[in-house]
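Structure, as structure tokens:
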Amino acid sequence: MIVFSDKIVYDRRITSICLEELFFLSDACAADHSGEKEGRVMEAIFWLGAVIVLVIIEIATLGLTTIWFAGGALVACIAALCHANLLVQVLLFLGVSILLLVFTRPAAVRFMNKDRIKTNAESLVGEEAVVLQEISNLKAQGTVQIKGLEWTARTADNKDTIEKGAVVLVEKIDGVKLIVRRKEG
């Protein structure tokens, strides 16, 4: 391909091209496409409005969900300003939003929750408790006392029984029952 001024010579054919027309940069070229230019501006305004609405929703909910779609809308807005086709804008919006949601949300959630203090029942996991009633999963019985409260308890192993007065560690909470194991040593 050989380029001369504003004409392109290719396979012995000459085609006039107004490069500004492709990007609506000059008034002469834009005059023929004023409707398309206004359409692109309206699309950009729509995407910018979507960014604003999604950011407001994120601020209100703090769910770390809509912020990723706001990022996708911002990319679509930039694409609209660069005169990309509406289909390209929508595909960019969906693609960028999904990529941001899948790849950055887990890291953001971990970062946001790293200093979270466990409260209520969550704070019992890893704590010691004293067995008040023999714990036997087969007999469906067992009670422990932890932090001054009595809890129904079961062992992680169905064959294991823990006698009254033993000290146990809370492994997890299953509904309203503590799942415990013997404290070693």
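Chain lettering (A, B, ...) mirrors the order of the structure tokens, residue numbering begins at 1 for each chain separately, and ligand numbering begins at 1 in order of display.
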
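For range 78-90 of chain A, the residues within 7 Å (counting only C-alpha atoms, excluding itself and residues fewer than 3 positions away along the chain) are Phe23, Arg40, Val41, Glu43, Ala44, Leu74, Val75, Phe93 and Leu94 of chain A.
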
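Taking CA of Glu184 in chain A and CA of Lys114 in chain A as endpoints, the distance between them is 29.4 Å.
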
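Across A:Trp151, A:Ile56, A:Ile98, A:Ala107, the tightest approach to Phe69 in chain A is made by A:Ile98 when counting only C-alpha atoms.
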
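Once Glu134 in chain A and its same-chain neighbours fewer than 2 positions away are set aside, Val131, Leu132, Ser136, Gln141, Gly142, Thr143, Val144, Thr161, Ile162, Glu163, Lys164, Gly165 and Ala166 of chain A remain within 9 Å of it when counting only C-alpha atoms.
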
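For the pair CA of Ala60 in chain A and CA of Ala73 in chain A, the interatomic distance is 18.4 Å.
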
Exercise. In range 122-175 of chain A, what's strand (DSSP E or B) per DSSP? Answer as a VMD selection string?
Worked result: chain A and resid 128 to 136 141 to 146 149 to 155 161 to 162 167 to 174

For this session: Figure out the distance between CA of Leu64 in chain A and CA of Asn113 in chain A, please, to one decimal in Å.
Result: 11.7 Å

Exercise. Within 8 Å of Arg154 in chain A, counting only C-alpha atoms, which residues qualify if same-chain residues fewer than 5 places away don't, as a PyMOL selection string?
Worked result: chain A and resi 135-137+140-142+177-180

Could you dump the residues just selected with C-alpha atoms as a CSV table (one decimal), in the first residue's frame?
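Listed below is the output, selection-v4.csv:
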```
chain,number,residue,atom,x,y,z
A,135,ILE,CA,-20.5,-35.7,74.4
A,136,SER,CA,-21.7,-38.6,72.3
A,137,ASN,CA,-22.9,-38.2,68.8
A,140,ALA,CA,-27.2,-37.2,70.5
A,141,GLN,CA,-26.1,-35.6,73.7
A,142,GLY,CA,-23.4,-33.3,75.0
A,177,LYS,CA,-24.1,-26.7,68.0
A,178,LEU,CA,-20.4,-26.5,68.6
A,179,ILE,CA,-18.2,-29.1,66.9
A,180,VAL,CA,-15.4,-29.8,69.3
```

For this session: List every residue of range 52-184 of chain A that DSSP, applied to the backbone, labels as alpha helix (DSSP H), and write the result as a ChimeraX atom specification.
Result: /A:52-61,66-81,86-113

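Distances from A:Gln145, A:Thr66, A:Thr61, A:Thr155 to Leu101 in chain A were compared using only C-alpha atoms, and the smallest one belongs to A:Thr66.
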
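Nearest to Ala156 in chain A of all the residues A:Ile67, A:Gly126, A:Arg181, A:Gly175 is A:Arg181, counting only C-alpha atoms.
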
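Nearest to Trp47 in chain A of all the residues A:Gly148, A:Gly95, A:Pro106, A:Gly71 is A:Gly71, based on only C-alpha atoms.
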
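Across A:Leu91, A:Val55, A:Asn158, A:Glu128, the tightest approach to Arg182 in chain A is made by A:Glu128 when counting only C-alpha atoms.
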